[in-house]
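Shown below: work.txt, with compact mmCIF, C-alpha atoms.
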```txt
# COMPACT_ATOMS: atom_id res chain seq x y z
CA MET A 1 33.64 -36.52 109.11
CA THR A 2 34.18 -35.05 112.55
CA ALA A 3 34.59 -37.29 115.56
CA PRO A 4 31.78 -37.19 118.15
CA GLU A 5 32.46 -35.02 121.18
CA LYS A 6 33.45 -36.87 124.33
CA PRO A 7 31.33 -36.31 127.44
CA PRO A 8 32.70 -33.97 130.13
CA HIS A 9 35.36 -35.68 132.15
CA ARG A 10 35.82 -36.07 135.88
CA SER A 11 39.08 -36.41 137.78
CA VAL A 12 40.44 -37.35 141.18
CA SER A 13 40.99 -33.69 142.06
CA GLN A 14 37.44 -32.81 141.03
CA TYR A 15 36.03 -35.58 143.20
CA GLN A 16 38.18 -34.57 146.17
CA THR A 17 37.16 -30.92 145.86
CA PHE A 18 33.49 -31.88 145.55
CA VAL A 19 33.43 -34.09 148.65
CA ARG A 20 35.46 -31.57 150.65
CA CYS A 21 33.14 -28.67 149.79
CA GLY A 22 30.49 -28.54 147.10
CA GLU A 23 30.49 -24.74 147.12
CA ALA A 24 34.23 -24.63 146.42
CA TYR A 25 33.64 -27.04 143.54
CA ARG A 26 30.85 -24.85 142.14
CA LEU A 27 33.00 -21.74 142.26
CA GLU A 28 36.14 -23.36 140.86
CA LYS A 29 34.75 -25.72 138.23
CA VAL A 30 31.34 -24.34 137.28
CA ALA A 31 31.32 -20.58 137.92
CA LYS A 32 35.05 -20.31 137.06
CA ALA A 33 35.56 -17.70 139.77
CA PRO A 34 39.06 -16.15 140.04
CA GLN A 35 41.28 -18.16 142.35
CA THR A 36 43.53 -16.43 144.86
CA PRO A 37 47.17 -17.43 144.27
CA ALA A 38 49.28 -19.24 146.84
CA ALA A 39 52.97 -20.07 146.70
CA TRP A 40 52.32 -23.68 147.63
CA PHE A 41 50.96 -24.20 144.11
CA HIS A 42 54.29 -23.06 142.60
CA GLN A 43 56.18 -25.32 144.98
CA GLY A 44 54.17 -28.41 144.13
CA THR A 45 54.18 -27.89 140.37
CA ALA A 46 57.89 -27.11 140.20
CA PHE A 47 58.82 -30.10 142.39
CA HIS A 48 56.75 -32.46 140.25
CA GLU A 49 58.29 -31.15 137.02
CA ALA A 50 61.85 -31.44 138.30
CA VAL A 51 61.32 -35.01 139.49
CA GLU A 52 59.50 -35.99 136.30
CA LEU A 53 62.24 -34.67 134.01
CA TRP A 54 64.97 -36.29 136.08
CA GLU A 55 63.29 -39.69 136.22
CA LYS A 56 62.40 -39.60 132.52
CA SER A 57 66.05 -38.86 131.73
CA ASN A 58 66.87 -42.19 133.40
CA ARG A 59 68.57 -40.20 136.16
CA ARG A 60 71.36 -39.04 133.89
CA HIS A 61 71.62 -35.62 135.52
CA GLY A 62 72.79 -34.34 138.88
CA PRO A 63 71.05 -32.26 141.55
CA ASP A 64 72.09 -28.97 139.95
CA GLN A 65 70.09 -29.79 136.83
CA MET A 66 67.10 -30.75 138.94
CA ALA A 67 67.36 -27.41 140.73
CA GLU A 68 67.45 -25.63 137.38
CA TRP A 69 64.32 -27.44 136.21
CA PHE A 70 62.62 -26.50 139.47
CA GLU A 71 63.61 -22.87 139.02
CA ILE A 72 62.28 -22.69 135.47
CA ALA A 73 58.92 -24.11 136.53
CA TRP A 74 58.76 -21.92 139.65
CA GLN A 75 59.39 -18.72 137.72
CA ARG A 76 56.78 -19.65 135.09
CA GLU A 77 54.12 -20.41 137.70
CA HIS A 78 55.03 -17.35 139.73
CA ALA A 79 54.60 -15.13 136.67
CA LYS A 80 51.16 -16.63 136.01
CA ALA A 81 50.11 -15.99 139.59
CA LEU A 82 51.32 -12.39 139.49
CA GLU A 83 49.31 -11.85 136.34
CA ALA A 84 46.21 -13.13 138.13
CA GLU A 85 46.87 -11.09 141.29
CA PRO A 86 49.78 -8.59 141.18
CA ASP A 87 49.35 -7.64 144.85
CA THR A 88 51.12 -10.49 146.67
CA SER A 89 49.84 -9.19 150.03
CA LYS A 90 46.47 -10.68 149.02
CA TRP A 91 47.88 -14.15 148.34
CA LEU A 92 46.99 -17.07 150.58
CA THR A 93 49.42 -18.49 153.12
CA GLY A 94 49.20 -21.47 155.40
CA GLY A 95 49.12 -19.37 158.57
CA LYS A 96 49.76 -15.87 159.89
CA ILE A 97 52.99 -15.51 157.94
CA LYS A 98 53.15 -12.63 155.46
CA PRO A 99 52.78 -13.69 151.81
CA ALA A 100 56.14 -12.19 150.78
CA VAL A 101 57.91 -14.27 153.42
CA ASP A 102 55.85 -17.34 152.55
CA ILE A 103 56.82 -17.06 148.88
CA GLU A 104 60.51 -16.90 149.73
CA ARG A 105 60.35 -19.77 152.20
CA ARG A 106 58.42 -22.05 149.87
CA HIS A 107 60.89 -21.38 147.08
CA GLU A 108 63.75 -22.38 149.36
CA LYS A 109 61.83 -25.37 150.71
CA GLY A 110 61.01 -26.57 147.21
CA LEU A 111 64.65 -26.45 146.15
CA ALA A 112 65.60 -28.37 149.29
CA GLN A 113 62.92 -30.99 148.58
CA VAL A 114 64.20 -31.52 145.05
CA ASP A 115 67.76 -31.95 146.32
CA ALA A 116 66.59 -34.36 149.02
CA TYR A 117 64.64 -36.44 146.49
CA PHE A 118 67.75 -36.78 144.34
CA TRP A 119 69.84 -38.22 147.17
CA TYR A 120 66.99 -40.35 148.51
CA ALA A 121 66.31 -41.93 145.12
CA GLN A 122 70.00 -42.82 144.69
CA GLU A 123 69.80 -45.14 147.70
CA ALA A 124 66.22 -46.37 147.35
CA GLU A 125 65.62 -50.05 146.64
CA TRP A 126 62.81 -49.37 144.17
CA LYS A 127 63.03 -48.24 140.57
CA ILE A 128 60.54 -46.64 138.21
CA TRP A 129 58.45 -49.34 136.56
CA GLU A 130 58.67 -49.73 132.77
CA PRO A 131 55.43 -51.36 131.55
CA ALA A 132 56.72 -51.45 127.97
CA GLU A 133 59.87 -50.60 126.10
CA GLY A 134 60.33 -46.85 125.98
CA ILE A 135 57.61 -46.17 128.56
CA ARG A 136 58.50 -45.13 132.09
CA ALA A 137 55.68 -44.92 134.61
CA ILE A 138 56.12 -41.22 135.40
CA GLU A 139 53.19 -38.81 135.05
CA LEU A 140 51.45 -41.63 133.23
CA PRO A 141 48.23 -40.41 131.54
CA PHE A 142 45.11 -42.50 131.96
CA GLU A 143 41.44 -42.51 131.05
CA LEU A 144 38.87 -44.67 132.83
CA ASP A 145 35.30 -45.34 131.79
CA LEU A 146 33.32 -45.95 134.96
CA ASP A 147 29.94 -47.00 133.61
CA GLY A 148 29.69 -43.95 131.39
CA VAL A 149 31.59 -41.52 133.64
CA ARG A 150 34.84 -40.55 131.95
CA VAL A 151 37.71 -40.07 134.42
CA ILE A 152 41.08 -38.77 133.26
CA GLY A 153 44.29 -38.00 135.08
CA TYR A 154 47.98 -38.72 135.53
CA ILE A 155 49.71 -41.24 137.77
CA ASP A 156 52.72 -39.61 139.41
CA GLN A 157 54.78 -42.81 139.66
CA VAL A 158 54.58 -46.57 139.62
CA VAL A 159 57.57 -48.08 141.39
CA GLU A 160 58.93 -51.61 141.25
CA TYR A 161 60.68 -53.31 144.16
CA PRO A 162 63.44 -55.97 143.89
CA ASP A 163 60.97 -58.83 144.42
CA GLY A 164 58.95 -57.59 141.43
CA HIS A 165 55.97 -56.18 143.28
CA LEU A 166 54.61 -52.82 142.14
CA ARG A 167 53.27 -49.87 144.08
CA VAL A 168 51.40 -46.80 142.83
CA ARG A 169 52.74 -43.57 144.27
CA ASP A 170 51.67 -39.95 144.48
CA LEU A 171 54.12 -37.16 145.33
CA LYS A 172 53.13 -34.66 148.01
CA THR A 173 54.98 -31.45 148.89
CA GLY A 174 52.57 -30.24 151.57
CA THR A 175 52.64 -30.89 155.30
CA LYS A 176 49.30 -32.62 155.72
CA LEU A 177 49.32 -36.39 155.45
CA PRO A 178 46.51 -37.66 153.17
CA ASP A 179 43.76 -39.37 155.17
CA THR A 180 42.39 -41.50 152.34
CA ALA A 181 43.79 -43.79 149.67
CA PHE A 182 41.10 -42.91 147.13
CA GLN A 183 43.58 -41.24 144.77
CA LEU A 184 45.90 -44.24 144.87
CA ALA A 185 42.99 -46.62 144.31
CA MET A 186 41.98 -44.76 141.16
CA TYR A 187 45.55 -45.14 139.88
CA ASP A 188 45.41 -48.83 140.78
CA HIS A 189 42.33 -49.42 138.62
CA ALA A 190 43.74 -47.28 135.80
CA LEU A 191 46.80 -49.56 135.63
CA ASP A 192 44.52 -52.58 135.51
CA ASP A 193 42.73 -51.06 132.52
CA MET A 194 45.90 -50.07 130.67
CA PHE A 195 48.22 -52.98 131.37
CA GLY A 196 46.16 -55.69 133.06
CA VAL A 197 48.12 -55.15 136.27
CA ARG A 198 46.62 -54.10 139.58
CA PRO A 199 49.33 -53.61 142.24
CA GLY A 200 46.81 -53.48 145.09
CA PHE A 201 49.05 -51.25 147.22
CA GLY A 202 50.16 -47.64 147.03
CA ASP A 203 51.81 -44.91 149.04
CA TYR A 204 52.38 -41.18 149.19
CA TYR A 205 55.90 -39.83 148.93
CA MET A 206 55.98 -37.02 151.49
CA ALA A 207 58.65 -34.57 150.41
CA LYS A 208 58.70 -33.00 153.90
CA ASN A 209 59.95 -36.36 155.27
CA THR A 210 61.98 -37.43 152.20
CA ALA A 211 60.24 -40.78 152.38
CA PRO A 212 57.06 -42.57 151.32
CA THR A 213 54.30 -43.41 153.78
CA ASP A 214 53.64 -46.96 154.81
CA PRO A 215 51.79 -48.77 152.00
CA TRP A 216 48.03 -48.44 151.81
CA ASN A 217 46.04 -51.58 151.09
CA LEU A 218 43.78 -50.74 148.14
CA GLN A 219 41.81 -53.97 147.97
CA ASP A 220 38.67 -52.50 149.54
CA TYR A 221 38.43 -49.89 146.79
CA THR A 222 36.64 -52.15 144.36
CA ARG A 223 35.76 -51.11 140.82
CA GLU A 224 32.08 -51.26 141.74
CA LYS A 225 32.60 -48.98 144.73
CA ILE A 226 34.58 -46.20 143.01
CA THR A 227 32.19 -46.36 140.05
CA ARG A 228 29.25 -45.78 142.38
CA TRP A 229 30.98 -42.84 144.05
CA LEU A 230 31.94 -41.18 140.76
CA LYS A 231 28.47 -41.70 139.30
CA ASN A 232 26.88 -40.12 142.37
CA MET A 233 29.24 -37.16 142.16
CA ASP A 234 28.62 -36.80 138.43
CA GLN A 235 24.86 -36.87 138.93
CA ALA A 236 25.01 -34.27 141.71
CA VAL A 237 27.08 -31.93 139.52
CA LYS A 238 24.63 -32.28 136.65
CA LEU A 239 21.74 -31.49 139.00
CA GLY A 240 23.57 -28.48 140.43
CA LEU A 241 23.66 -29.85 143.98
CA PHE A 242 26.49 -27.97 145.67
CA LEU A 243 26.53 -27.73 149.47
CA PRO A 244 28.99 -25.53 151.39
CA ASN A 245 31.03 -27.25 154.08
CA PRO A 246 32.44 -24.47 156.29
CA GLY A 247 35.31 -25.46 158.52
CA ASP A 248 39.09 -25.52 158.79
CA ALA A 249 39.50 -25.92 155.00
CA CYS A 250 38.07 -22.40 154.51
CA ARG A 251 41.36 -20.98 155.74
CA THR A 252 43.20 -22.11 152.63
CA CYS A 253 40.32 -22.06 150.14
CA ASN A 254 41.33 -20.07 147.08
CA VAL A 255 37.74 -19.06 146.19
CA ARG A 256 36.52 -18.26 149.70
CA ARG A 257 35.89 -14.57 148.95
CA PHE A 258 33.01 -15.62 146.65
CA CYS A 259 31.58 -18.30 148.98
CA ASP A 260 27.81 -18.40 149.35
CA PHE A 261 28.27 -19.14 153.07
CA ASN A 262 30.46 -16.23 154.16
CA GLY A 263 32.26 -14.67 151.20
CA GLN A 264 32.48 -10.88 151.10
CA ASP A 265 31.99 -10.99 147.30
CA ALA A 266 29.40 -13.79 147.17
CA ARG A 267 27.04 -11.71 145.06
CA GLN A 268 29.48 -11.82 142.14
CA TYR A 269 28.89 -15.58 141.70
CA PRO A 270 25.48 -16.28 143.25
CA ALA A 271 24.49 -19.87 143.91
```
Would you mind writing the file out in C-alpha cells?
Amino acid sequence: MTAPEKPPHRSVSQYQTFVRCGEAYRLEKVAKAPQTPAAWFHQGTAFHEAVELWEKSNRRHGPDQMAEWFEIAWQREHAKALEAEPDTSKWLTGGKIKPAVDIERRHEKGLAQVDAYFWYAQEAEWKIWEPAEGIRAIELPFELDLDGVRVIGYIDQVVEYPDGHLRVRDLKTGTKLPDTAFQLAMYDHALDDMFGVRPGFGDYYMAKNTAPTDPWNLQDYTREKITRWLKNMDQAVKLGLFLPNPGDACRTCNVRRFCDFNGQDARQYPA
C-alpha cells in the first residue's frame, strides 16, 4: 500500500521571495524559468558547507580543512552554474564590476570568511546546542504544520550560552543586513515543535563582520501570526496572484530577463 502524497510544501525562502516580488516567485517557483547565475550563490553555499562540516566534526579540524571543504563546494557549484550559462559575462554581479572579477573576488572573500569563522568560533562563549545525544543543532531539518500549510526547511545553527539560554542563528555571507526576524521566528517555532523549547531570541551571523548581530526578540512572532501569513501566501499562490514589485531588487534578480514588467524575454514565460 502506497503512502498518501504530502501536499506541496512552503518554505521561508519561498515566503520571502513571494513578499519581495510576486512576479519573481512566479518565474522561479511556478514557471521554472532559467535563473541567471551569480557568484554570490557559490560563496554562500560553500561557506555554509564548510562551517557545517567543521561544526559537525566537533571542531576536530583546522582552518586548512575548512578551506578545502569550501573549495570542493565552490568548484561543484561553479561547474553547475557554468553548465546553466557558460558565458560568465552574462552572470549577475552586485554592481558595475565585471563578472570575471566578481567571481574571483567572491572566491577569495569566501575563503577569508571561512578562516575568520574558524578563529572567531575558537574564542566565542557559545557552543552548538545538542538537543539529544548524537544530535548537533547544525543544518537541523524541520517540518511545521501551520493549520494545513506544510513548511519545511533547515535551521543553520542553535547556539547555547554559558548561562544555558539558547539562540537560533542564521549564517549570512552577503553585505545587506536582514531587516526582519521572520526567518529566525520560523526556526524558533520549529524548535518548539521538535523539542518543546522556544528560545525566543535569535540573531544573524554576518560573515562580513565576523560576528552575530544583536539578538532579535521573537516574542511578537506568535504561532497564530506566522500561520496567518503563510496561509495567505499559500492561498495567493494557489489562486495565481503574482504581482510584480519593480525597484532596487530588480538589479540582482536572477529571473529579471523574463519579468512581465520589463523583461526583454517576457514573452517566453507569459503571466
Please report, as a tab-separated table, each residue of segment 167-223 of chain A lying at most 12 Å from segment 37-42 of chain A, together with the nearest pair of atoms and the separation in Å rounded to one decimal; use all atoms listed in the file, and order rows by chain and ascending residue number.
```
residue	atom	partner	partner_atom	distance
A:Lys172	CA	A:Trp40	CA	11.0
A:Thr173	CA	A:Trp40	CA	8.3
A:Gly174	CA	A:Trp40	CA	7.7
A:Thr175	CA	A:Trp40	CA	10.5
```
(Q) With all atoms listed in the file as the counted atoms, please give the residues lying no more than 9 Å from Asn245 of chain A, apart from itself and same-chain residues fewer than 4 positions off, as a PyMOL selection string. (A) chain A and resi 20-24+249-250+261
Q.
Between atom CA of Gly148 of chain A and atom CA of Leu27 of chain A, what is the distance in Å, rounded to a tenth?
A.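 Those two atoms sit 24.9 Å apart.
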Q.
Can you tell me which residues surround Thr93 of chain A at a distance of at most 12 Å, considering only C-alpha atoms, apart from same-chain residues fewer than 5 positions away, and format the answer as a VMD selection string?
A. chain A and resid 36 to 41 88 98 to 106 251 to 254
Near segment 207-215 of chain A, 12 Å: segment 112-186 of chain A residue rows, closest pairs, only C-alpha atoms, as CSV:
```
residue,atom,partner,partner_atom,distance
A:Ala112,CA,A:Ala207,CA,9.4
A:Gln113,CA,A:Ala207,CA,5.9
A:Val114,CA,A:Ala207,CA,8.3
A:Asp115,CA,A:Thr210,CA,9.9
A:Ala116,CA,A:Thr210,CA,6.4
A:Tyr117,CA,A:Thr210,CA,6.4
A:Phe118,CA,A:Thr210,CA,9.8
A:Trp119,CA,A:Thr210,CA,9.4
A:Tyr120,CA,A:Thr210,CA,6.9
A:Ala121,CA,A:Thr210,CA,9.4
A:Glu123,CA,A:Ala211,CA,11.5
A:Ala124,CA,A:Ala211,CA,9.6
A:Trp126,CA,A:Pro212,CA,11.4
A:Gln157,CA,A:Pro212,CA,11.9
A:Val159,CA,A:Pro212,CA,11.4
A:Leu166,CA,A:Pro215,CA,11.0
A:Arg167,CA,A:Pro215,CA,8.1
A:Val168,CA,A:Pro215,CA,9.4
A:Arg169,CA,A:Pro212,CA,8.3
A:Asp170,CA,A:Pro212,CA,9.1
A:Leu171,CA,A:Ala207,CA,7.3
A:Lys172,CA,A:Ala207,CA,6.0
A:Thr173,CA,A:Ala207,CA,5.1
A:Gly174,CA,A:Lys208,CA,7.1
A:Thr175,CA,A:Lys208,CA,6.6
A:Lys176,CA,A:Lys208,CA,9.6
A:Leu177,CA,A:Thr213,CA,8.8
A:Pro178,CA,A:Thr213,CA,9.7
A:Asp179,CA,A:Thr213,CA,11.4
A:Thr180,CA,A:Pro215,CA,11.9
A:Ala181,CA,A:Pro215,CA,9.7
A:Leu184,CA,A:Pro215,CA,10.3
A:Ala185,CA,A:Pro215,CA,11.9
```
(Q) Set the distance at 12 Å and use only C-alpha atoms: which residues neighbour Asp234 of chain A once local chain neighbours fewer than 6 positions away are removed? I'd like the list as a PyMOL selection string. (A) chain A and resi 7-11+14-15+18-19+146-151+227-228+240-242
(Q) Around (34.7, -14.1, 146.6), as given in the file, which residues come within 10 Å? Count all atoms listed in the file and list them as a PyMOL selection string. (A) chain A and resi 27+33-36+254-260+262-269
Q. In Å, with one decimal, what is the gap from atom CA of Glu68 of chain A to atom CA of Leu111 of chain A?
A.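 Distance reported for this atom pair: 9.2 Å.
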Edge lengths and centre in Å to one decimal, as JSON, of the axis-aligned box that encloses all listed atoms of segment 55-74 of chain A with 5 Å added on every side?
```
{"center_x": 65.8, "center_y": -32.1, "center_z": 136.6, "size_x": 24.0, "size_y": 30.3, "size_z": 19.8}
```
**Q.** Gap from atom CA of Ser13 of chain A to atom CA of Glu143 of chain A - Å, one decimal
**A.**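 These atoms are spaced 14.1 Å apart.
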(Q) With only C-alpha atoms as the counted atoms, please give the residues lying no more than 8 Å from Glu55 of chain A, apart from itself and same-chain residues fewer than 4 positions off, as a ChimeraX atom specification. (A) /A:51,59,128,138
Q. Out of A:Ile152, A:Ala46, A:Ala132, A:Met206, which residue has the shortest atom-to-atom distance to Arg76 of chain A when counting only C-alpha atoms?
A.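 Closest candidate: A:Ala46.
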